[in-house]
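Below is one structure, written out as structure tokens; the observations come after it.
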Amino acid sequence: MTEPLRKPWKGTMTQRERFYNQMHYLPIDRTVNMEFGYWDENYTQWDIFADNGIKTERQANQFLSLEAPEVVGGSIWIDPVFSETVLEDKGDKEIYLNDSGLICERPKDGHSTIPRYIRSSIETPEDWKRVKEERFNVSHPCRKFDVDSIKDLMKPDRDYPVGINVGSMIGRIRDILTVEGLAYAVCDYPEMVEDMVETACQLVENILDQVLPVYQFDFAAGWEDICCKNGPLVNFDFFKEVVFPRYKRIGDKLHKYGVDIWYTDCDGDVRPLIPYFLEAGINCLFPYEVNSCLHPVDLCKEYGKDLRIMGGFDKMQMIAGKDAIKAYMKSIEPLVARGGYIPFCDHRCPPDVTPENYLYYLDLKEKTFGM
């Protein structure tokens with residue numbers, strides 16, 4: 001790969017020490033220097049990537065000298081996945097079966113967009129029973145985690161943080177049922193959906209039971225995407241009564257083994273869910289989309305030091321230009337100084353942000369929050 005475009009930030013702490021202290025409101029030498037990644041189009045449309053052969057997020061992290069924490073994961077969802085199959089050619093679009101068992105329509109030119117979901121492979125309890133037996137068997141050999149395979153990564157004296165993937169209790173279910181399908185299923189087949197949530201929980205617990213007694217992790221990482229700009233996409237009572245208790249089980253297991261930082265990737269307006277997240281042990285929002293919620297400073301005023309945030313730098317300000325970037329950077333200074341906050345783009349950086357503006361943002365972030 002080509003030489004890095006930017007030099008690593010200077011520091012007096014290890015990456016692991018810095019991450020721990022920043023997430024626990026302890027003194028730091030500087031902020032963690034990380035980003036959440038980029039749209040696929042950035043790798044072809046940004047000259048700084050295209051001209052230097054940068055094609056993946058890992059390469060981008062190396063090229064820009066970013067500190068991306070490692071996350072270890074086991075088999076905690078569909079396994080084996082469905083075989084992706086094109087079912088119909090419709091000129092500029094195609095109908096296909098994706099690896100989650102959804103029949104979808106997508107543009108053939110490959111540009112990034114949310115597919116149109118036509119139907120799910122799971123619509124009735126009978127469907128779920130069949131798919132569960134085929135692809136969600138907790139006892140299947142594929143659910144065995146080779147703990148020795150991460151021995152070098154997890155060495156006790158490592159100087160970088162490593163997290164454990166704790167997956168999703170309802171977001172992936174929304175994925176395989178579709179938003180509309182989940183809404184109907186919660187009403188028509190609540191026992192089926194609860195069994196799906198319970199299965200998701202058992203799959204995560206199975207991996208945690210294998211790795212937590214062996215290695216010390218620095219954080220847990222989850223994924224939900226169960227909110228839109230108007231709030232949760234799932235029936236709120238169902239969330240409280242069915243999803244929350246499974247979060248709590250996972251949180252109790254993590255805390256038993258000393259993992260006290262747990263972030264979940266949930267886009268949209270997550271505010272109605274935050275009290276339940278916190279009670280279960282999810283104490284960090286990632287990557288925290290600003291325009292669906294509040295400025296991160298305002299949200300943290302409401303929840304104090306119980307809540308952490310990773311992300312939250314408004315991408316729209318990056319698009320707007322250097323003056324807007326500078327003003328927003330200034331607005332988050334109190335939150336970085338307080339702790340419990342790692343600033344980076346509030347989702348994957350879109351190609352609407354020019355390379356010039358993005359490099360200005362990275363330079364200004366180093367000047368403001370580096371040594």
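Chain labels A, B, ... are given in the sequence in which chains occur in the structure tokens; within each chain residues are numbered consecutively from 1, and ligands are likewise numbered from 1 in the order shown.
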- request: Please give the complete set of residues from region 169-230 of chain A that DSSP, run on the backbone, assigns to helix (DSSP H, G or I), formatted as an MDAnalysis selection string.
  value: chainID A and resid 171:177 179:188 190:211
Take the residues that were just selected and, keeping C-alpha atoms, output them as a short mmCIF file (atom, residue, chain, number, x, y, z; two decimals), in the first residue's frame.
data_model
loop_
_atom_site.label_atom_id
_atom_site.label_comp_id
_atom_site.auth_asym_id
_atom_site.auth_seq_id
_atom_site.Cartn_x
_atom_site.Cartn_y
_atom_site.Cartn_z
CA GLY A 171 -32.47 -5.07 14.76
CA ARG A 172 -31.44 -8.20 12.87
CA ILE A 173 -34.92 -9.60 13.37
CA ARG A 174 -36.25 -6.42 11.79
CA ASP A 175 -33.77 -7.08 8.96
CA ILE A 176 -35.10 -10.55 8.16
CA LEU A 177 -38.80 -9.74 8.67
CA VAL A 179 -40.06 -3.19 9.14
CA GLU A 180 -43.61 -3.87 7.97
CA GLY A 181 -43.26 -7.59 8.58
CA LEU A 182 -42.04 -7.04 12.14
CA ALA A 183 -44.91 -4.65 12.87
CA TYR A 184 -47.46 -7.25 11.77
CA ALA A 185 -45.66 -10.19 13.39
CA VAL A 186 -45.53 -8.53 16.82
CA CYS A 187 -49.34 -8.30 16.67
CA ASP A 188 -50.15 -11.52 14.79
CA PRO A 190 -45.96 -12.35 19.26
CA GLU A 191 -44.78 -15.75 20.52
CA MET A 192 -42.85 -16.28 17.30
CA VAL A 193 -41.09 -12.93 17.55
CA GLU A 194 -40.28 -13.49 21.21
CA ASP A 195 -38.76 -16.84 20.32
CA MET A 196 -36.66 -15.08 17.68
CA VAL A 197 -35.43 -12.61 20.33
CA GLU A 198 -34.73 -15.45 22.76
CA THR A 199 -32.79 -17.32 20.06
CA ALA A 200 -30.73 -14.20 19.28
CA CYS A 201 -29.93 -13.88 22.98
CA GLN A 202 -28.94 -17.53 23.34
CA LEU A 203 -26.62 -17.29 20.34
CA VAL A 204 -24.80 -14.34 21.90
CA GLU A 205 -24.69 -15.96 25.34
CA ASN A 206 -23.21 -19.09 23.77
CA ILE A 207 -20.23 -17.13 22.43
CA LEU A 208 -19.81 -15.08 25.61
CA ASP A 209 -19.73 -18.24 27.70
CA GLN A 210 -16.85 -19.51 25.57
CA VAL A 211 -14.65 -16.40 25.47
#
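Between CA of Leu26 (chain A) and CA of Tyr288 (chain A) lies a distance of 22.0 Å.
Between CA of Asn235 (chain A) and CA of Leu307 (chain A) the interatomic distance comes to 24.0 Å.
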- prompt: Could you pull out the strand (DSSP E or B) residues of region 204-317 of chain A from DSSP and send them as a ChimeraX atom specification?
  reply: /A:219-223,227-228,231-232,262-265,284-286,308-313
